[in-house]
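One file, query_26.cif, carrying mmCIF, C-alpha atoms and all ligand atoms:
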```cif
data_query
#
loop_
_atom_site.group_PDB
_atom_site.id
_atom_site.type_symbol
_atom_site.label_atom_id
_atom_site.label_comp_id
_atom_site.auth_asym_id
_atom_site.auth_seq_id
_atom_site.Cartn_x
_atom_site.Cartn_y
_atom_site.Cartn_z
ATOM 1 C CA MET A 1316 -67.919 104.751 -134.438
ATOM 2 C CA ILE A 1317 -67.730 108.454 -135.230
ATOM 3 C CA VAL A 1318 -66.786 109.153 -138.843
ATOM 4 C CA ALA A 1319 -65.698 112.390 -140.526
ATOM 5 C CA ASN A 1320 -66.559 112.339 -144.236
ATOM 6 C CA TRP A 1321 -64.853 115.333 -145.793
ATOM 7 C CA LYS A 1322 -66.335 114.654 -149.259
ATOM 8 C CA MET A 1323 -64.611 116.935 -151.823
ATOM 9 C CA ASN A 1324 -63.364 119.484 -149.294
ATOM 10 C CA GLY A 1325 -60.117 120.571 -147.689
ATOM 11 C CA SER A 1326 -56.467 121.091 -148.528
ATOM 12 C CA LYS A 1327 -53.240 119.460 -147.372
ATOM 13 C CA GLU A 1328 -52.776 122.259 -144.855
ATOM 14 C CA GLU A 1329 -56.291 121.743 -143.466
ATOM 15 C CA VAL A 1330 -55.788 117.972 -143.271
ATOM 16 C CA ASP A 1331 -52.612 118.597 -141.303
ATOM 17 C CA SER A 1332 -54.145 120.975 -138.788
ATOM 18 C CA TRP A 1333 -57.365 118.922 -138.444
ATOM 19 C CA LEU A 1334 -55.485 115.698 -137.691
ATOM 20 C CA ARG A 1335 -53.178 117.389 -135.179
ATOM 21 C CA PHE A 1336 -56.054 119.135 -133.398
ATOM 22 C CA VAL A 1337 -58.421 116.166 -133.302
ATOM 23 C CA SER A 1338 -55.676 113.741 -132.229
ATOM 24 C CA ALA A 1339 -54.737 115.988 -129.328
ATOM 25 C CA ASN A 1340 -58.272 116.798 -128.229
ATOM 26 C CA ILE A 1341 -60.354 113.644 -128.392
ATOM 27 C CA LEU A 1342 -60.740 111.534 -125.273
ATOM 28 C CA ILE A 1343 -60.206 108.318 -127.133
ATOM 29 C CA ASN A 1344 -62.402 105.428 -126.172
ATOM 30 C CA LYS A 1345 -61.012 102.214 -127.606
ATOM 31 C CA THR A 1346 -64.490 100.835 -128.211
ATOM 32 C CA ILE A 1347 -65.509 103.857 -130.299
ATOM 33 C CA PRO A 1348 -63.300 104.231 -133.361
ATOM 34 C CA CYS A 1349 -62.708 107.772 -134.595
ATOM 35 C CA VAL A 1350 -62.465 107.590 -138.393
ATOM 36 C CA PHE A 1351 -61.206 110.259 -140.803
ATOM 37 C CA CYS A 1352 -62.176 109.969 -144.495
ATOM 38 C CA PRO A 1353 -60.316 112.655 -146.457
ATOM 39 C CA PRO A 1354 -60.371 112.970 -150.256
ATOM 40 C CA SER A 1355 -58.247 110.156 -151.725
ATOM 41 C CA CYS A 1356 -55.428 112.513 -152.762
ATOM 42 C CA TYR A 1357 -54.775 113.168 -149.045
ATOM 43 C CA LEU A 1358 -54.832 109.541 -147.893
ATOM 44 C CA ASP A 1359 -51.086 109.101 -148.207
ATOM 45 C CA TYR A 1360 -50.295 112.298 -146.317
ATOM 46 C CA SER A 1361 -52.915 111.524 -143.647
ATOM 47 C CA SER A 1362 -51.572 108.016 -143.202
ATOM 48 C CA SER A 1363 -47.985 109.266 -142.698
ATOM 49 C CA LEU A 1364 -49.079 111.964 -140.272
ATOM 50 C CA ILE A 1365 -51.250 109.572 -138.232
ATOM 51 C CA LYS A 1366 -48.198 107.355 -137.861
ATOM 52 C CA LYS A 1367 -45.802 110.218 -137.134
ATOM 53 C CA ILE A 1368 -47.868 111.751 -134.315
ATOM 54 C CA SER A 1369 -49.142 108.363 -133.019
ATOM 55 C CA SER A 1370 -52.680 109.554 -133.586
ATOM 56 C CA PRO A 1371 -55.587 107.434 -132.328
ATOM 57 C CA VAL A 1372 -57.529 108.452 -135.462
ATOM 58 C CA LYS A 1373 -58.214 105.643 -137.949
ATOM 59 C CA LEU A 1374 -58.033 106.245 -141.674
ATOM 60 C CA GLY A 1375 -60.980 105.695 -144.000
ATOM 61 C CA ALA A 1376 -61.318 106.096 -147.766
ATOM 62 C CA GLN A 1377 -64.363 107.654 -149.402
ATOM 63 C CA ASN A 1378 -64.480 105.088 -152.186
ATOM 64 C CA ILE A 1379 -62.876 102.044 -153.707
ATOM 65 C CA ASN A 1380 -62.989 101.026 -157.363
ATOM 66 C CA HIS A 1381 -63.647 97.686 -158.862
ATOM 67 C CA SER A 1382 -63.126 97.020 -162.563
ATOM 68 C CA ASN A 1383 -63.330 93.230 -162.927
ATOM 69 C CA ASN A 1384 -59.619 93.240 -163.809
ATOM 70 C CA SER A 1385 -60.008 95.600 -166.773
ATOM 71 C CA ALA A 1386 -58.149 98.899 -166.987
ATOM 72 C CA LEU A 1387 -59.789 101.793 -165.127
ATOM 73 C CA THR A 1388 -58.272 105.211 -165.533
ATOM 74 C CA GLY A 1389 -58.498 107.087 -162.252
ATOM 75 C CA GLY A 1390 -59.308 103.979 -160.251
ATOM 76 C CA ILE A 1391 -58.050 103.144 -156.762
ATOM 77 C CA ASN A 1392 -58.231 99.527 -155.640
ATOM 78 C CA SER A 1393 -58.234 97.810 -152.276
ATOM 79 C CA HIS A 1394 -54.547 96.914 -152.571
ATOM 80 C CA MET A 1395 -53.653 100.608 -152.925
ATOM 81 C CA LEU A 1396 -55.865 101.546 -149.987
ATOM 82 C CA LYS A 1397 -54.090 98.970 -147.878
ATOM 83 C CA ASP A 1398 -50.750 100.583 -148.854
ATOM 84 C CA PHE A 1399 -52.016 103.726 -147.088
ATOM 85 C CA LEU A 1400 -52.957 101.657 -144.022
ATOM 86 C CA THR A 1401 -56.627 102.375 -144.627
ATOM 87 C CA ASP A 1402 -58.854 100.575 -142.111
ATOM 88 C CA TYR A 1403 -62.293 101.646 -143.378
ATOM 89 C CA VAL A 1404 -63.969 102.527 -146.653
ATOM 90 C CA LEU A 1405 -67.296 104.214 -147.399
ATOM 91 C CA ILE A 1406 -69.244 102.222 -149.980
ATOM 92 C CA GLY A 1407 -72.556 103.147 -151.574
ATOM 93 C CA HIS A 1408 -72.785 106.786 -150.476
ATOM 94 C CA SER A 1409 -75.924 108.283 -152.031
ATOM 95 C CA GLU A 1410 -73.876 110.923 -153.867
ATOM 96 C CA GLN A 1411 -71.871 108.171 -155.595
ATOM 97 C CA ARG A 1412 -74.982 106.107 -156.299
ATOM 98 C CA GLU A 1413 -76.499 109.167 -157.967
ATOM 99 C CA TYR A 1414 -73.597 110.878 -159.758
ATOM 100 C CA LEU A 1415 -71.468 107.817 -160.553
ATOM 101 C CA ASN A 1416 -74.422 105.489 -161.262
ATOM 102 C CA GLU A 1417 -73.305 102.894 -158.748
ATOM 103 C CA ASP A 1418 -75.653 99.944 -158.773
ATOM 104 C CA ASN A 1419 -76.118 96.956 -156.478
ATOM 105 C CA GLU A 1420 -73.848 94.738 -158.547
ATOM 106 C CA SER A 1421 -70.864 97.089 -158.499
ATOM 107 C CA LEU A 1422 -71.406 97.834 -154.804
ATOM 108 C CA GLN A 1423 -71.361 94.146 -154.009
ATOM 109 C CA TYR A 1424 -68.014 93.769 -155.805
ATOM 110 C CA LYS A 1425 -66.597 96.698 -153.865
ATOM 111 C CA ILE A 1426 -67.636 95.282 -150.513
ATOM 112 C CA LYS A 1427 -66.133 91.896 -151.336
ATOM 113 C CA ASP A 1428 -62.909 93.540 -152.525
ATOM 114 C CA ALA A 1429 -62.584 95.557 -149.322
ATOM 115 C CA LEU A 1430 -63.228 92.526 -147.136
ATOM 116 C CA ILE A 1431 -60.572 90.473 -148.945
ATOM 117 C CA LYS A 1432 -58.010 93.114 -148.013
ATOM 118 C CA ASN A 1433 -59.317 93.363 -144.472
ATOM 119 C CA ILE A 1434 -60.672 96.891 -144.946
ATOM 120 C CA SER A 1435 -63.944 97.383 -143.071
ATOM 121 C CA PRO A 1436 -66.773 98.615 -145.311
ATOM 122 C CA ILE A 1437 -69.113 101.315 -144.050
ATOM 123 C CA PHE A 1438 -72.063 100.541 -146.300
ATOM 124 C CA CYS A 1439 -74.292 103.575 -146.863
ATOM 125 C CA ILE A 1440 -78.012 103.250 -147.481
ATOM 126 C CA GLY A 1441 -80.896 105.700 -147.353
ATOM 127 C CA GLU A 1442 -84.141 106.680 -149.008
ATOM 128 C CA PRO A 1443 -85.087 109.797 -151.001
ATOM 129 C CA LYS A 1444 -87.859 112.113 -149.797
ATOM 130 C CA ASN A 1445 -90.591 110.809 -152.119
ATOM 131 C CA ILE A 1446 -90.046 107.243 -150.921
ATOM 132 C CA LYS A 1447 -90.309 108.374 -147.298
ATOM 133 C CA ASP A 1448 -93.471 110.364 -148.071
ATOM 134 C CA GLN A 1449 -95.054 107.306 -149.722
ATOM 135 C CA GLY A 1450 -94.262 105.223 -146.636
ATOM 136 C CA ASN A 1451 -91.979 102.921 -148.623
ATOM 137 C CA THR A 1452 -88.741 103.405 -146.694
ATOM 138 C CA GLN A 1453 -88.402 99.823 -145.475
ATOM 139 C CA ASP A 1454 -88.925 98.283 -148.934
ATOM 140 C CA TYR A 1455 -86.393 100.692 -150.382
ATOM 141 C CA LEU A 1456 -83.786 99.904 -147.732
ATOM 142 C CA ARG A 1457 -84.458 96.197 -148.053
ATOM 143 C CA SER A 1458 -83.504 96.351 -151.756
ATOM 144 C CA GLN A 1459 -80.245 98.108 -150.826
ATOM 145 C CA LEU A 1460 -79.393 95.735 -147.980
ATOM 146 C CA GLU A 1461 -80.048 92.534 -149.906
ATOM 147 C CA ILE A 1462 -76.617 92.659 -151.566
ATOM 148 C CA LEU A 1463 -75.059 91.864 -148.194
ATOM 149 C CA ASN A 1464 -76.514 88.382 -148.358
ATOM 150 C CA THR A 1465 -73.758 85.750 -147.980
ATOM 151 C CA MET A 1466 -71.204 88.352 -146.840
ATOM 152 C CA ASP A 1467 -69.006 87.970 -143.816
ATOM 153 C CA SER A 1468 -70.814 90.402 -141.597
ATOM 154 C CA ASP A 1469 -68.727 91.130 -138.535
ATOM 155 C CA GLN A 1470 -66.581 93.702 -140.366
ATOM 156 C CA ILE A 1471 -69.457 95.567 -142.019
ATOM 157 C CA THR A 1472 -71.002 98.706 -140.536
ATOM 158 C CA ILE A 1473 -74.235 100.100 -141.974
ATOM 159 C CA ALA A 1474 -74.573 103.867 -142.296
ATOM 160 C CA TYR A 1475 -78.186 104.969 -142.513
ATOM 161 C CA GLU A 1476 -78.259 108.314 -144.309
ATOM 162 C CA PRO A 1477 -81.706 109.460 -145.461
ATOM 163 C CA ILE A 1478 -80.988 111.390 -148.658
ATOM 164 C CA TRP A 1479 -83.389 114.182 -147.719
ATOM 165 C CA ALA A 1480 -81.335 114.828 -144.566
ATOM 166 C CA ILE A 1481 -77.910 115.071 -146.215
ATOM 167 C CA GLY A 1482 -76.595 118.615 -146.314
ATOM 168 C CA THR A 1483 -80.064 120.095 -145.815
ATOM 169 C CA GLY A 1484 -79.846 121.072 -142.147
ATOM 170 C CA GLU A 1485 -82.926 118.909 -141.595
ATOM 171 C CA ASN A 1486 -81.875 115.793 -139.670
ATOM 172 C CA ALA A 1487 -84.204 112.843 -139.166
ATOM 173 C CA ASP A 1488 -85.735 112.911 -135.696
ATOM 174 C CA LYS A 1489 -84.826 110.409 -133.012
ATOM 175 C CA ILE A 1490 -88.057 108.414 -133.233
ATOM 176 C CA TYR A 1491 -87.746 107.986 -136.989
ATOM 177 C CA ILE A 1492 -84.048 107.038 -136.718
ATOM 178 C CA GLU A 1493 -84.871 104.466 -134.042
ATOM 179 C CA GLU A 1494 -87.593 102.929 -136.142
ATOM 180 C CA VAL A 1495 -85.339 102.620 -139.192
ATOM 181 C CA HIS A 1496 -82.277 101.400 -137.281
ATOM 182 C CA SER A 1497 -84.405 98.736 -135.574
ATOM 183 C CA PHE A 1498 -85.640 97.596 -138.969
ATOM 184 C CA ILE A 1499 -82.060 97.433 -140.362
ATOM 185 C CA LYS A 1500 -80.785 95.450 -137.362
ATOM 186 C CA GLU A 1501 -83.682 93.018 -137.516
ATOM 187 C CA PHE A 1502 -83.396 92.563 -141.261
ATOM 188 C CA CYS A 1503 -79.636 91.860 -141.066
ATOM 189 C CA CYS A 1504 -80.143 89.355 -138.285
ATOM 190 C CA GLN A 1505 -83.263 87.577 -139.548
ATOM 191 C CA GLU A 1506 -83.081 87.836 -143.339
ATOM 192 C CA LEU A 1507 -79.369 88.089 -144.003
ATOM 193 C CA ASN A 1508 -78.349 85.759 -141.186
ATOM 194 C CA PHE A 1509 -75.609 88.038 -139.883
ATOM 195 C CA LYS A 1510 -73.710 86.176 -137.205
ATOM 196 C CA GLU A 1511 -72.894 89.287 -135.204
ATOM 197 C CA LYS A 1512 -75.135 92.174 -134.231
ATOM 198 C CA VAL A 1513 -74.589 94.788 -136.896
ATOM 199 C CA SER A 1514 -73.538 98.346 -135.986
ATOM 200 C CA VAL A 1515 -75.737 101.015 -137.532
ATOM 201 C CA VAL A 1516 -74.548 104.612 -137.588
ATOM 202 C CA TYR A 1517 -76.643 107.644 -138.562
ATOM 203 C CA GLY A 1518 -75.718 110.403 -141.022
ATOM 204 C CA GLY A 1519 -77.567 113.471 -142.330
ATOM 205 C CA SER A 1520 -77.194 117.009 -140.948
ATOM 206 C CA VAL A 1521 -75.544 115.884 -137.722
ATOM 207 C CA LYS A 1522 -74.394 118.926 -135.753
ATOM 208 C CA LEU A 1523 -73.076 119.701 -132.308
ATOM 209 C CA SER A 1524 -76.594 120.791 -131.336
ATOM 210 C CA ASN A 1525 -78.346 117.522 -132.277
ATOM 211 C CA CYS A 1526 -75.670 114.843 -131.800
ATOM 212 C CA GLU A 1527 -76.417 114.114 -128.143
ATOM 213 C CA GLU A 1528 -80.114 113.592 -128.799
ATOM 214 C CA ILE A 1529 -79.401 111.214 -131.710
ATOM 215 C CA LEU A 1530 -76.695 109.315 -129.818
ATOM 216 C CA SER A 1531 -78.956 108.892 -126.789
ATOM 217 C CA SER A 1532 -80.834 106.170 -128.691
ATOM 218 C CA SER A 1533 -79.685 102.631 -127.954
ATOM 219 C CA LYS A 1534 -80.278 101.844 -131.638
ATOM 220 C CA VAL A 1535 -77.644 104.348 -132.797
ATOM 221 C CA ASP A 1536 -74.090 102.991 -132.787
ATOM 222 C CA GLY A 1537 -72.370 106.087 -134.065
ATOM 223 C CA LEU A 1538 -72.452 108.960 -136.539
ATOM 224 C CA LEU A 1539 -71.327 109.666 -140.098
ATOM 225 C CA ILE A 1540 -70.740 113.393 -140.320
ATOM 226 C CA GLY A 1541 -70.268 115.540 -143.420
ATOM 227 C CA GLY A 1542 -70.315 119.338 -143.107
ATOM 228 C CA ALA A 1543 -69.905 119.503 -139.330
ATOM 229 C CA SER A 1544 -66.806 117.301 -139.458
ATOM 230 C CA LEU A 1545 -64.765 119.888 -141.348
ATOM 231 C CA ASP A 1546 -64.202 122.005 -138.261
ATOM 232 C CA PRO A 1547 -61.811 120.084 -135.973
ATOM 233 C CA GLU A 1548 -63.117 121.714 -132.803
ATOM 234 C CA THR A 1549 -66.733 120.801 -133.569
ATOM 235 C CA PHE A 1550 -65.797 117.280 -134.620
ATOM 236 C CA ALA A 1551 -63.680 116.664 -131.504
ATOM 237 C CA LYS A 1552 -66.552 117.917 -129.313
ATOM 238 C CA ILE A 1553 -69.009 115.578 -131.055
ATOM 239 C CA TYR A 1554 -66.639 112.639 -130.595
ATOM 240 C CA ASN A 1555 -66.176 113.467 -126.923
ATOM 241 C CA LEU A 1556 -69.958 113.512 -126.412
ATOM 242 C CA SER A 1557 -70.311 110.028 -127.902
HETATM 243 P P1 LIG B 1601 -73.966 116.249 -143.805
HETATM 244 O O1 LIG B 1601 -73.532 115.909 -142.391
HETATM 245 O O2 LIG B 1601 -73.230 117.430 -144.368
HETATM 246 O O3 LIG B 1601 -75.436 116.333 -143.914
HETATM 247 O O4 LIG B 1601 -73.508 115.008 -144.726
HETATM 248 C C1 LIG B 1601 -73.868 113.735 -144.344
HETATM 249 C C2 LIG B 1601 -73.120 112.781 -145.190
HETATM 250 O O5 LIG B 1601 -73.422 112.617 -146.362
HETATM 251 C C3 LIG B 1601 -71.997 112.056 -144.582
HETATM 252 O O6 LIG B 1601 -71.612 110.981 -145.354
#
```

What is this file in structure tokens?
Amino acid sequence: MIVANWKMNGSKEEVDSWLRFVSANILINKTIPCVFCPPSCYLDYSSSLIKKISSPVKLGAQNINHSNNSALTGGINSHMLKDFLTDYVLIGHSEQREYLNEDNESLQYKIKDALIKNISPIFCIGEPKNIKDQGNTQDYLRSQLEILNTMDSDQITIAYEPIWAIGTGENADKIYIEEVHSFIKEFCCQELNFKEKVSVVYGGSVKLSNCEEILSSSKVDGLLIGGASLDPETFAKIYNLS
């Protein structure tokens, strides 16, 4: 899976030209979904355009809200996402954990909500720099992964995004990524009893110049791309190298 996470970037015009360019220029491989996650205000437009031009691109949301049935001004629920024909949703991105105080309990609700509506969660995990420097990455990731216990696993993708690599230009190296992805896969299989082998994608300063090296690892099942996904030419090239 190759995912474009636009974060809080873009305009309707840019969404339009990106979707048209990428749809026309990717060599679509049915086993590798190409997922576009625009800001939520462009989901409706993106969904209509994807349909209109018969694009192979799949739609993803950057978030989903859960309020335990109370009112939530500004919230978007799984039912609404389904209205836009959204197939995927990012849950637990480090920026949302930090700025919106998302904790394990609320993330667990979100994942369950998405699964009920048949929207595939892309569950983001990753450690900050000090945790990596102390050698505590696995313990940290274990505490993030534990909420997936008892979940129906075959629809969940894990995105490993070390926080120190996001937007810094400093990606994790292949050996480190392999080590962490192996740990995640083993943990999901042995401790969480996932029935299927879980897909683990990498995110954090992925660029055209490093994507081939990262993807060459058998432990990497795809990429979650921020900054480099904004340019349709770069993104299409990365997809075509996958
Ligand atoms: P960058 O690719 O800009 O480092 O962002 C990674 C990310 O957070 C994708 O979700």

Nearby residues, (-68.2, 105.6, -135.6) file frame, 10 Å, only C-alpha atoms, as a count of residues only: 25

Polymer residues at most 12 Å from (-88.9, 107.2, -155.5) by all atoms listed in the file, as a VMD selection string: chain A and resid 1441 to 1452 1454 to 1456 1478 to 1479

Residue neighbourhood Ser1362 (chain A), 10 Å, only C-alpha atoms, exclusion window fewer than 5 positions, as a list in words: Tyr1357, Lys1367, Ser1370, Val1372, Lys1373, Leu1374, Gly1375, Asp1398, Phe1399, Leu1400 and Thr1401 of chain A

Contacts of ligand LIG 1601 (chain B), 6 Å or closer, all atoms listed in the file, given as a list in words: Asn1320, Ile1481, Gly1482, Gly1518, Gly1519, Ser1520, Val1521, Leu1539, Ile1540, Gly1541, Gly1542 and Ala1543 of chain A

The PyMOL selection byres (((chain A and resi 1410) around 12) and not hetatm) resolved against shown file, as a PyMOL selection string: chain A and resi 1322-1323+1377-1378+1405-1409+1411-1417+1439-1441+1443+1476-1479+1481-1482+1541

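Restricting the calculation to all atoms listed in the file, the smallest distance between Cys1526 (chain A) and any of A:Lys1489, A:His1381, A:Lys1425, A:His1496 is found for A:Lys1489.
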
Which residues of region 1469-1537 of chain A have any atom within 8 Å of an atom in region 1457-1465 of chain A when counting all atoms listed in the file, and what is the closest pair of atoms for each, with the distance in Å to one decimal? Order the rows by chain and rising number and write it as JSON lines.
```
{"residue": "A:Phe1502", "atom": "CA", "partner": "A:Arg1457", "partner_atom": "CA", "distance": 7.8}
{"residue": "A:Cys1503", "atom": "CA", "partner": "A:Leu1460", "partner_atom": "CA", "distance": 7.9}
{"residue": "A:Leu1507", "atom": "CA", "partner": "A:Asn1464", "partner_atom": "CA", "distance": 5.2}
{"residue": "A:Asn1508", "atom": "CA", "partner": "A:Asn1464", "partner_atom": "CA", "distance": 7.9}
```

Contacts of Glu1493 (chain A) at 7 Å (all atoms listed in the file; same-chain gap of 4+ positions) as a PyMOL selection string: chain A and resi 1489+1497+1532+1534

Selection: 7 Å around Ile1341 (chain A), only C-alpha atoms, excl. self and same-chain fewer than 2 positions, as a ChimeraX atom specification: /A:1337-1339,1343,1551,1554-1555

Selection export as a short mmCIF file (atom, residue, chain, number, x, y, z; two decimals), keeping the file's coordinate frame, atoms kept: C-alpha atoms:
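Written file, selection-v7.cif:
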```cif
data_model
loop_
_atom_site.label_atom_id
_atom_site.label_comp_id
_atom_site.auth_asym_id
_atom_site.auth_seq_id
_atom_site.Cartn_x
_atom_site.Cartn_y
_atom_site.Cartn_z
CA VAL A 1337 -58.42 116.17 -133.30
CA SER A 1338 -55.68 113.74 -132.23
CA ALA A 1339 -54.74 115.99 -129.33
CA ILE A 1343 -60.21 108.32 -127.13
CA ALA A 1551 -63.68 116.66 -131.50
CA TYR A 1554 -66.64 112.64 -130.60
CA ASN A 1555 -66.18 113.47 -126.92
#
```

Proximity to Ile1365 (chain A) - best of A:Glu1528, A:Asp1331, A:Asp1418, A:Glu1494, only C-alpha atoms: A:Asp1331

CA of Val1513 (chain A) to CA of Asp1469 (chain A), straight-line distance in Å: 7.1 Å

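If only C-alpha atoms are the atoms counted, then among A:Ser1361, A:Thr1483, A:Ser1544, A:Ser1355 the closest residue to Ala1376 (chain A) is A:Ser1355.
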
Need the axis-aligned box for region 1509-1517 of chain A with 4 Å each side, so what are the centre and edges in Å to one decimal, as JSON?
```
{"center_x": -74.8, "center_y": 96.9, "center_z": -137.1, "size_x": 11.7, "size_y": 29.5, "size_z": 13.7}
```

Who sits within 7 Å of region 1386-1395 of chain A, only C-alpha atoms, same chain under 5 positions skipped, as a VMD selection string: chain A and resid 1379 to 1381 1428 to 1429 1432

Next, write the just-selected residues to a file, as a PDB file, keeping the file's coordinate frame, keeping C-alpha atoms as the atom set.
```pdb
ATOM      1  CA  ILE A1379     -62.876 102.044-153.707  1.00  0.00           C
ATOM      2  CA  ASN A1380     -62.989 101.026-157.363  1.00  0.00           C
ATOM      3  CA  HIS A1381     -63.647  97.686-158.862  1.00  0.00           C
ATOM      4  CA  ASP A1428     -62.909  93.540-152.525  1.00  0.00           C
ATOM      5  CA  ALA A1429     -62.584  95.557-149.322  1.00  0.00           C
ATOM      6  CA  LYS A1432     -58.010  93.114-148.013  1.00  0.00           C
TER       7      LYS A1432
END
```

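When CA of Ile1368 (chain A) is paired with CA of Leu1523 (chain A), their separation reads 26.5 Å.
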